[in-house]
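Pasting coords-v9.txt here (compact mmCIF, C-alpha atoms):
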```txt
# COMPACT_ATOMS: atom_id res chain seq x y z
CA MET A 1 103.23 84.81 98.07
CA ILE A 2 105.16 81.95 96.52
CA ILE A 3 105.17 78.85 98.69
CA ALA A 4 108.03 76.37 98.55
CA LYS A 5 109.31 73.42 100.54
CA GLN A 6 112.86 72.33 101.20
CA LYS A 7 114.03 69.21 99.40
CA PRO A 8 115.08 66.25 101.57
CA LEU A 9 118.67 66.52 102.81
CA GLY A 10 119.67 63.33 100.96
CA GLU A 11 118.47 64.73 97.65
CA ILE A 12 120.34 68.01 98.22
CA ARG A 13 123.53 66.11 99.07
CA GLU A 14 123.25 64.07 95.87
CA MET A 15 122.98 67.29 93.85
CA LEU A 16 126.08 68.65 95.58
CA GLU A 17 128.28 65.68 94.61
CA GLY A 18 131.45 66.88 92.93
CA TYR A 19 131.40 70.40 94.37
CA GLU A 20 133.77 71.32 97.20
CA ASP A 21 133.02 74.95 97.93
CA ILE A 22 129.34 75.78 98.05
CA LEU A 23 127.40 78.97 98.73
CA VAL A 24 124.06 78.29 100.43
CA LEU A 25 122.04 81.29 99.32
CA GLY A 26 118.75 82.24 100.96
CA CYS A 27 116.03 84.59 99.81
CA GLY A 28 114.50 86.99 102.31
CA THR A 29 111.10 87.39 100.70
CA CYS A 30 108.36 84.78 100.01
CA VAL A 31 110.31 81.65 100.96
CA ALA A 32 111.50 83.28 104.19
CA ILE A 33 107.89 83.79 105.24
CA CYS A 34 106.97 80.17 104.50
CA MET A 35 110.07 79.10 106.45
CA ALA A 36 111.73 77.32 103.56
CA GLY A 37 114.59 79.54 102.46
CA GLY A 38 115.18 82.57 104.71
CA ASP A 39 118.38 83.32 106.63
CA LYS A 40 117.47 80.97 109.48
CA GLU A 41 116.80 78.10 107.09
CA VAL A 42 120.13 78.81 105.39
CA GLU A 43 121.92 78.48 108.74
CA VAL A 44 120.07 75.28 109.63
CA LEU A 45 120.68 73.69 106.22
CA ALA A 46 124.36 74.69 106.12
CA ALA A 47 124.88 73.29 109.65
CA SER A 48 123.05 70.08 108.65
CA LEU A 49 125.15 69.71 105.50
CA ARG A 50 128.39 70.28 107.43
CA MET A 51 127.43 67.67 110.01
CA ALA A 52 126.26 65.17 107.39
CA ASP A 53 129.62 65.68 105.65
CA LYS A 54 131.54 65.05 108.84
CA MET A 55 129.53 61.88 109.40
CA SER A 56 130.59 60.63 105.97
CA GLY A 57 134.22 61.74 106.21
CA LYS A 58 133.92 64.73 103.90
CA ASN A 59 134.98 68.26 104.69
CA ARG A 60 133.39 70.56 102.15
CA VAL A 61 132.99 74.29 102.69
CA PHE A 62 129.45 75.65 103.01
CA LYS A 63 129.25 79.43 102.97
CA GLU A 64 126.05 81.18 104.02
CA HIS A 65 124.35 84.28 102.68
CA THR A 66 120.83 85.60 102.25
CA VAL A 67 119.76 88.30 99.82
CA GLU A 68 116.61 90.35 100.10
CA ARG A 69 115.19 88.89 96.87
CA GLN A 70 116.82 86.47 94.47
CA CYS A 71 114.46 87.41 91.66
CA GLU A 72 115.76 90.95 91.08
CA TRP A 73 119.08 91.86 89.49
CA GLU A 74 119.74 94.68 91.98
CA PHE A 75 119.77 92.31 94.92
CA LEU A 76 122.08 89.85 93.18
CA ASP A 77 124.88 92.39 92.74
CA GLU A 78 125.90 92.01 96.39
CA ILE A 79 126.82 88.34 95.90
CA ALA A 80 128.84 88.81 92.69
CA ALA A 81 132.18 88.63 94.54
CA ASN A 82 131.12 85.65 96.71
CA VAL A 83 129.83 83.68 93.76
CA LYS A 84 133.18 83.88 91.96
CA GLN A 85 134.87 82.13 94.88
CA VAL A 86 132.64 79.05 95.00
CA ASP A 87 132.11 75.93 92.88
CA ALA A 88 128.32 76.06 93.05
CA VAL A 89 125.42 78.00 94.49
CA LEU A 90 122.73 76.10 96.39
CA SER A 91 119.75 78.39 96.08
CA LEU A 92 117.04 78.40 98.71
CA GLY A 93 114.93 80.68 96.53
CA CYS A 94 111.93 79.67 94.47
CA GLY A 95 112.37 78.52 90.88
CA ILE A 96 112.42 82.13 89.76
CA GLY A 97 115.33 82.92 92.06
CA VAL A 98 117.29 79.89 90.85
CA GLN A 99 116.83 80.96 87.23
CA ALA A 100 117.68 84.59 87.98
CA ILE A 101 120.99 83.49 89.52
CA ALA A 102 121.66 81.16 86.59
CA GLU A 103 121.09 84.05 84.19
CA ARG A 104 123.07 86.59 86.19
CA PHE A 105 126.04 84.23 86.82
CA PRO A 106 126.13 81.98 83.74
CA GLU A 107 129.50 80.41 84.59
CA ILE A 108 128.48 79.09 88.04
CA PRO A 109 126.27 76.01 88.54
CA VAL A 110 123.08 76.84 90.47
CA LEU A 111 121.23 74.06 92.28
CA PRO A 112 117.67 74.24 93.64
CA GLY A 113 117.41 73.49 97.35
CA LEU A 114 113.64 73.94 97.32
CA ASP A 115 110.67 72.54 95.47
CA THR A 116 108.51 75.50 94.46
CA LEU A 117 104.88 74.63 94.99
CA PHE A 118 102.21 77.30 94.62
CA MET A 119 100.91 80.81 95.22
CA GLY A 120 99.17 80.88 98.54
CA MET A 121 98.89 82.22 102.07
CA PRO A 122 99.25 81.02 105.66
CA VAL A 123 95.79 80.21 107.02
CA GLU A 124 97.18 79.41 110.44
CA GLU A 125 100.57 78.92 112.04
CA GLY A 126 102.58 76.52 109.89
CA ILE A 127 99.81 75.84 107.35
CA TRP A 128 99.95 77.38 103.88
CA VAL A 129 97.28 76.81 101.25
CA GLU A 130 97.02 77.55 97.55
CA ARG A 131 94.78 80.48 96.66
CA CYS A 132 95.60 81.53 93.09
CA SER A 133 96.59 79.65 89.95
CA GLY A 134 97.65 82.73 88.00
CA CYS A 135 95.22 81.83 85.23
CA GLY A 136 95.48 85.31 83.75
CA ASN A 137 91.75 85.90 83.58
CA CYS A 138 90.38 86.63 87.05
CA ILE A 139 86.71 85.86 87.77
CA LEU A 140 86.77 86.52 91.52
CA ASP A 141 84.19 89.29 91.07
CA GLN A 142 81.65 86.67 90.07
CA THR A 143 82.51 84.02 92.66
CA GLY A 144 82.33 85.94 95.91
CA GLY A 145 86.08 86.39 96.12
CA ILE A 146 86.74 82.65 96.23
CA CYS A 147 88.66 81.15 93.31
CA PRO A 148 87.04 77.99 91.94
CA ILE A 149 89.85 77.52 89.41
CA THR A 150 92.27 76.96 92.30
CA ARG A 151 90.14 75.77 95.18
CA CYS A 152 87.71 73.46 93.38
CA SER A 153 89.47 70.13 92.73
CA LYS A 154 87.90 70.05 89.27
CA GLY A 155 88.43 73.75 88.56
CA LEU A 156 84.73 74.15 87.67
CA VAL A 157 83.51 77.61 86.71
CA ASN A 158 79.86 76.55 87.15
CA GLY A 159 79.56 74.55 90.34
CA PRO A 160 79.06 72.78 92.55
CA CYS A 161 79.25 69.34 90.96
CA GLY A 162 77.09 66.55 92.34
CA GLY A 163 79.94 64.97 94.23
CA TYR A 164 80.19 67.09 97.37
CA ARG A 165 79.13 65.62 100.73
CA ASP A 166 78.52 67.73 103.84
CA GLY A 167 80.36 70.64 102.28
CA LYS A 168 83.41 68.51 101.50
CA CYS A 169 84.93 67.56 98.16
CA GLU A 170 84.50 64.07 96.70
CA VAL A 171 88.05 64.12 95.35
CA ASP A 172 89.48 64.72 98.82
CA PRO A 173 86.97 64.55 101.72
CA THR A 174 89.32 66.57 103.94
CA ARG A 175 89.02 69.52 101.55
CA ASP A 176 86.18 72.06 101.64
CA CYS A 177 84.05 72.26 98.50
CA ALA A 178 84.95 75.62 96.96
CA TRP A 179 81.52 76.00 95.42
CA ILE A 180 79.74 75.51 98.74
CA GLN A 181 82.03 78.21 100.15
CA ILE A 182 81.15 80.44 97.19
CA TYR A 183 77.43 79.81 97.82
CA GLU A 184 77.76 80.65 101.53
CA ARG A 185 79.70 83.82 100.78
CA LEU A 186 77.26 85.02 98.11
CA LYS A 187 74.42 84.30 100.54
CA LYS A 188 76.04 86.50 103.18
CA MET A 189 76.48 89.21 100.55
CA GLY A 190 72.85 88.85 99.46
CA ARG A 191 74.02 88.10 95.93
CA LEU A 192 72.82 84.53 95.34
CA ASP A 193 71.42 85.83 92.05
CA MET A 194 74.96 85.70 90.70
CA LEU A 195 74.80 81.91 90.72
CA TYR A 196 72.10 82.09 88.02
CA ILE A 197 74.50 83.64 85.54
CA PRO A 198 76.20 80.81 83.67
CA GLN A 199 79.91 81.35 83.23
CA PRO A 200 81.46 80.63 79.84
CA LEU A 201 84.01 77.85 79.88
CA LYS A 202 87.46 79.13 80.64
CA ASP A 203 89.64 79.32 77.56
CA HIS A 204 92.98 78.22 78.90
CA SER A 205 94.45 78.25 75.39
CA LYS A 206 94.58 82.06 75.58
CA VAL A 207 97.32 81.75 78.20
CA GLY A 208 100.55 80.74 76.51
CA HIS A 209 103.91 80.15 78.16
CA PRO A 210 106.11 81.86 79.03
CA ARG A 211 104.03 84.91 79.85
CA SER A 212 105.30 88.47 80.15
CA ILE A 213 103.91 91.94 80.56
CA THR A 214 105.38 95.22 79.40
CA LEU A 215 104.37 98.45 81.09
CA MET B 1 133.55 73.90 122.77
CA LYS B 2 135.89 72.82 125.48
CA HIS B 3 134.90 69.31 126.17
CA GLU B 4 135.54 65.71 126.60
CA MET B 5 137.27 63.75 129.12
CA ILE B 6 138.25 60.77 127.05
CA SER B 7 140.85 58.38 128.23
CA GLU B 8 141.51 55.04 126.62
CA ASN B 9 138.74 53.17 128.34
CA HIS B 10 136.72 55.94 129.79
CA PHE B 11 134.38 58.35 128.11
CA GLU B 12 132.70 61.23 129.85
CA PRO B 13 130.04 62.79 127.62
CA VAL B 14 129.47 66.51 127.32
CA ILE B 15 125.78 67.31 127.57
CA VAL B 16 124.32 70.73 126.90
CA ALA B 17 121.13 71.46 128.84
CA PHE B 18 118.97 74.31 127.61
CA CYS B 19 116.97 75.19 130.72
CA CYS B 20 113.97 77.46 131.09
CA HIS B 21 114.52 80.26 133.63
CA TYR B 22 111.17 79.59 135.32
CA CYS B 23 111.45 75.85 135.90
CA ALA B 24 114.44 73.70 134.96
CA TYR B 25 117.04 76.34 135.74
CA ALA B 26 115.43 76.95 139.12
CA ALA B 27 115.18 73.19 139.60
CA ALA B 28 118.90 72.86 138.88
CA ASP B 29 119.51 75.59 141.42
CA LEU B 30 117.32 73.79 143.93
CA ALA B 31 119.24 70.57 143.30
CA GLY B 32 122.35 72.49 144.30
CA ILE B 33 120.74 73.97 147.39
CA MET B 34 119.56 70.49 148.35
CA ARG B 35 123.16 69.29 147.94
CA LEU B 36 122.02 66.66 145.45
CA GLN B 37 124.70 64.98 143.40
CA TYR B 38 124.33 64.96 139.66
CA PRO B 39 126.96 64.30 136.99
CA PRO B 40 129.33 67.18 136.16
CA ASN B 41 128.82 66.41 132.46
CA ILE B 42 125.89 68.81 132.22
CA ARG B 43 126.55 72.30 130.81
CA VAL B 44 123.53 74.42 131.64
CA ILE B 45 122.47 77.27 129.35
CA LYS B 46 119.69 79.42 130.75
CA LEU B 47 116.83 80.42 128.46
CA PRO B 48 114.23 83.07 129.32
CA CYS B 49 111.65 80.43 128.29
CA SER B 50 112.10 77.00 126.68
CA GLY B 51 110.08 78.47 123.79
CA THR B 52 113.09 80.59 122.84
CA ILE B 53 115.00 77.49 121.79
CA ASP B 54 115.64 77.23 118.08
CA VAL B 55 116.49 74.23 115.95
CA LEU B 56 119.70 76.07 115.09
CA HIS B 57 120.82 76.31 118.75
CA ILE B 58 120.47 72.55 119.08
CA LEU B 59 122.27 71.82 115.81
CA LYS B 60 125.09 74.23 116.67
CA ALA B 61 125.60 72.48 120.01
CA PHE B 62 126.06 69.19 118.18
CA GLU B 63 128.19 70.76 115.46
CA LEU B 64 130.51 72.20 118.09
CA GLY B 65 130.98 68.82 119.72
CA ALA B 66 128.25 68.15 122.28
CA ASP B 67 127.60 64.42 122.79
CA GLY B 68 124.05 65.04 123.93
CA VAL B 69 121.59 67.88 124.29
CA PHE B 70 118.44 68.26 126.29
CA VAL B 71 115.87 71.00 126.49
CA ALA B 72 113.98 71.33 129.76
CA GLY B 73 110.80 73.37 130.02
CA CYS B 74 107.82 73.77 132.32
CA LEU B 75 105.15 71.16 132.88
CA GLU B 76 102.34 71.16 130.35
CA GLY B 77 99.97 74.04 131.18
CA GLY B 78 102.57 75.63 133.44
CA CYS B 79 104.49 77.77 130.96
CA HIS B 80 104.98 81.37 132.11
CA PHE B 81 104.41 82.40 128.49
CA VAL B 82 101.40 80.09 128.01
CA GLU B 83 102.74 77.69 125.37
CA GLY B 84 106.49 78.21 125.05
CA ASN B 85 107.17 74.66 126.27
CA ILE B 86 104.83 73.20 123.62
CA ARG B 87 106.61 75.20 120.92
CA ALA B 88 109.94 73.97 122.30
CA LYS B 89 108.73 70.37 122.03
CA ARG B 90 107.83 70.89 118.37
CA ARG B 91 111.26 72.35 117.65
CA VAL B 92 112.98 69.48 119.45
CA ASP B 93 110.96 67.04 117.34
CA ARG B 94 112.03 68.91 114.20
CA ALA B 95 115.68 68.86 115.33
CA LYS B 96 115.37 65.11 116.03
CA ALA B 97 114.18 64.58 112.44
CA ILE B 98 117.18 66.56 111.13
CA LEU B 99 119.58 64.56 113.31
CA ASP B 100 118.12 61.39 111.81
CA GLU B 101 118.60 62.77 108.29
CA ILE B 102 122.18 63.71 109.09
CA GLY B 103 122.85 60.19 110.35
CA LEU B 104 123.70 61.15 113.94
CA GLY B 105 120.44 59.69 115.26
CA ASN B 106 117.83 61.33 117.44
CA GLU B 107 118.66 59.53 120.69
CA ARG B 108 121.20 62.14 121.70
CA LEU B 109 118.49 64.80 121.97
CA GLU B 110 115.63 64.85 124.50
CA MET B 111 112.96 67.18 125.82
CA PHE B 112 111.97 67.12 129.49
CA PHE B 113 109.22 68.87 131.39
CA MET B 114 109.53 69.76 135.06
CA SER B 115 108.60 72.38 137.62
CA SER B 116 110.89 74.65 139.60
CA SER B 117 110.25 72.64 142.76
CA GLU B 118 111.64 69.45 141.21
CA GLY B 119 115.29 69.64 142.13
CA ILE B 120 115.31 65.88 142.59
CA ARG B 121 113.80 65.38 139.14
CA PHE B 122 116.47 67.61 137.56
CA ALA B 123 119.21 65.57 139.19
CA GLU B 124 117.53 62.36 137.97
CA VAL B 125 117.17 63.67 134.41
CA ALA B 126 120.81 64.78 134.39
CA GLY B 127 121.87 61.32 135.54
CA GLU B 128 119.61 59.48 133.06
CA MET B 129 120.75 61.56 130.12
CA THR B 130 124.42 61.19 131.03
CA GLU B 131 124.12 57.42 131.27
CA LYS B 132 122.16 57.19 128.02
CA VAL B 133 124.71 59.25 126.07
CA ARG B 134 127.60 57.43 127.71
CA LYS B 135 126.20 54.18 126.30
CA LEU B 136 125.83 55.77 122.85
CA GLY B 137 129.50 56.74 122.92
CA PRO B 138 131.26 59.89 121.77
CA SER B 139 129.57 61.95 119.08
CA PRO B 140 131.05 61.15 115.66
CA LEU B 141 131.07 64.91 115.03
CA LYS B 142 133.43 65.53 117.92
CA GLY B 143 136.86 66.91 117.18
CA VAL B 144 136.59 66.47 113.40
```
So that I can check it, write out the structure of this file as structure tokens.
Amino acid sequence: MIIAKQKPLGEIREMLEGYEDILVLGCGTCVAICMAGGDKEVEVLAASLRMADKMSGKNRVFKEHTVERQCEWEFLDEIAANVKQVDAVLSLGCGIGVQAIAERFPEIPVLPGLDTLFMGMPVEEGIWVERCSGCGNCILDQTGGICPITRCSKGLVNGPCGGYRDGKCEVDPTRDCAWIQIYERLKKMGRLDMLYIPQPLKDHSKVGHPRSITL
Amino acid sequence: MKHEMISENHFEPVIVAFCCHYCAYAAADLAGIMRLQYPPNIRVIKLPCSGTIDVLHILKAFELGADGVFVAGCLEGGCHFVEGNIRAKRRVDRAKAILDEIGLGNERLEMFFMSSSEGIRFAEVAGEMTEKVRKLGPSPLKGV
């Protein structure tokens, strides 16, 4: 899923300068799971903004709503009437959600309440880690199901480098060396022979932006 | 929230106490049975476990005009639901950070741990919290 983190309250308040009636809009999919932009986070942020306003003598209106997904037109229809009645939308969706709202409601300013970070998963309660870079050319079949493009600090396709110590990365000693993990996994699978096959260097130039697919 | 007893020179804070059913609420009850005096400023809200507290409950209490809030759960290792009190502590810490960001300050919010047999401790905590908030003065969010 897409992992995001809420911006500091001060930064959000700066963005909201000049707007009086604001819709705080959550997204009930990825960012709800990573506790950054679901309905509960919308309520907490709106309450925080109202209180911060009172503390500074302002009295702006913060409306609250959460849609199932901000990144699909169908789910944005339900807010069409609400959006017309506000000065700005503060989106607690990922960058895709913010842009979808901007495209769907071109006359209304849309502000990002989150910093969108990466594609990842929760490894334990409250800890999310990056697992995929979306490189467009998956090699997980050759690396024991562990992505070196994402999880190796250097993104090596033929590892490990000489810098690991005790299974940890030299770039960040708190981080596991992805290539040691790949080695351990291939060993368990009885497929250490795969390490003898040199991988061609990854041609990142094949992946242009923005990408799209048509079925 | 119906609150406040403010006269020109006298301020009586309103303090919302979120109390766990298995400890603090029973301790408050015991304080009553023991005929202990504690300030009438405390408004007790019973929770099935302190772990059911949410950051939003705390923020709403302040938004609606509470001068102080405390969450009271079981002693460490004594939670009926194993670690509800530890979760509550984490949420109180998170709410404290938000209160700092808002500018209200985190001193108006506290977490206490106690057992159901500590009626005296509940009365003490109620007194301490009332005095602390009284010194801080009325919440700037009150009545705005």
Within 12 Å of chain B, which residues of chain A show up? Give each one with its shortest atom-to-atom distance in Å (one decimal) and the two atoms involved, counting only C-alpha atoms, rows by chain then rising residue number, as a Markdown table.
```
| residue | atom | partner | partner_atom | distance |
| --- | --- | --- | --- | --- |
| A:Lys7 | CA | B:Glu101 | CA | 11.9 |
| A:Pro8 | CA | B:Glu101 | CA | 8.3 |
| A:Leu9 | CA | B:Glu101 | CA | 6.6 |
| A:Gly10 | CA | B:Glu101 | CA | 7.4 |
| A:Glu11 | CA | B:Glu101 | CA | 10.8 |
| A:Ile12 | CA | B:Glu101 | CA | 11.5 |
| A:Arg13 | CA | B:Ile102 | CA | 10.4 |
| A:Asp39 | CA | B:Leu56 | CA | 11.2 |
| A:Lys40 | CA | B:Leu56 | CA | 7.8 |
| A:Glu41 | CA | B:Leu56 | CA | 8.7 |
| A:Val42 | CA | B:Leu56 | CA | 10.1 |
| A:Glu43 | CA | B:Leu56 | CA | 7.1 |
| A:Val44 | CA | B:Leu56 | CA | 5.5 |
| A:Leu45 | CA | B:Leu56 | CA | 9.2 |
| A:Ala46 | CA | B:Leu56 | CA | 10.2 |
| A:Ala47 | CA | B:Leu59 | CA | 6.8 |
| A:Ser48 | CA | B:Ile102 | CA | 6.4 |
| A:Leu49 | CA | B:Ile102 | CA | 7.6 |
| A:Arg50 | CA | B:Glu63 | CA | 8.0 |
| A:Met51 | CA | B:Glu63 | CA | 6.3 |
| A:Ala52 | CA | B:Ile102 | CA | 4.7 |
| A:Asp53 | CA | B:Ile102 | CA | 8.4 |
| A:Lys54 | CA | B:Leu141 | CA | 6.2 |
| A:Met55 | CA | B:Pro140 | CA | 6.5 |
| A:Ser56 | CA | B:Gly103 | CA | 8.9 |
| A:Gly57 | CA | B:Val144 | CA | 8.9 |
| A:Lys58 | CA | B:Val144 | CA | 10.0 |
| A:Asn59 | CA | B:Val144 | CA | 9.0 |
| A:Glu125 | CA | B:Arg87 | CA | 11.4 |
| A:Gly126 | CA | B:Arg90 | CA | 11.5 |
```
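The closest residue to Phe11 in chain B, picked from B:Met111, B:Asp67, B:Ile86, B:Glu118 and counting only C-alpha atoms, is B:Asp67.
Nearest residue to Asn85 in chain B, choosing from B:Cys49, B:Leu36, B:Val14, B:Ala66 and counting all atoms listed in the file: B:Cys49.
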Between CA of Ser117 in chain B and CA of Pro40 in chain B, distance in Å (one decimal):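 Separation of CA of Ser117 in chain B and CA of Pro40 in chain B: 20.9 Å.
Note that the spacing between CA of Gly73 in chain B and CA of Gly137 in chain B amounts to 26.0 Å.
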Enumerate, as a list in words, the protein, DNA and RNA residues whose atoms approach (125.3, 66.5, 132.2) to within 7 Å, taking into account all atoms listed in the file and the coordinate frame of the file.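 Protein and nucleic acid residues near the point are Val14, Ile15, Val16, Pro39, Pro40, Asn41, Ile42, Arg43, Ala126 and Thr130 of chain B.
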Please identify all polymer residues lying at most 6 Å from the point (113.0, 78.2, 95.1) (file coordinates), using all atoms listed in the file, and present the result as a tab-separated table (two decimals) with C-alpha atoms, in the coordinates of the input.
```tsv
chain	number	residue	atom	x	y	z
A	92	LEU	CA	117.04	78.40	98.71
A	93	GLY	CA	114.93	80.68	96.53
A	94	CYS	CA	111.93	79.67	94.47
A	95	GLY	CA	112.37	78.52	90.88
A	114	LEU	CA	113.64	73.94	97.32
A	116	THR	CA	108.51	75.50	94.46
```
As a VMD selection string, please: the residues near Leu136 in chain B (cut-off 9 Å, only C-alpha atoms, same-chain neighbours under 4 positions excluded). chain B and resid 67 107 to 108 131 to 132
Would you kindly return, as a PyMOL selection string, each protein, DNA or RNA residue with an atom no farther than 9 Å from any atom of Thr52 in chain B, considering only C-alpha atoms and excluding same-chain residues fewer than 6 positions away? chain B and resi 20+84+87-88
Counting all atoms listed in the file, figure out which residue out of A:Lys84, A:Gln99, A:Asp115, A:Ile180 gets nearest to Ala36 in chain A. A:Asp115
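Reported to one decimal place, the separation of CA of Cys27 in chain A from CA of Met119 in chain A is 16.2 Å.
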Shortest interatomic distance to Cys19 in chain B - which of B:Arg90, B:Gly32, B:Phe122, B:Gly68, counting all atoms listed in the file: B:Phe122
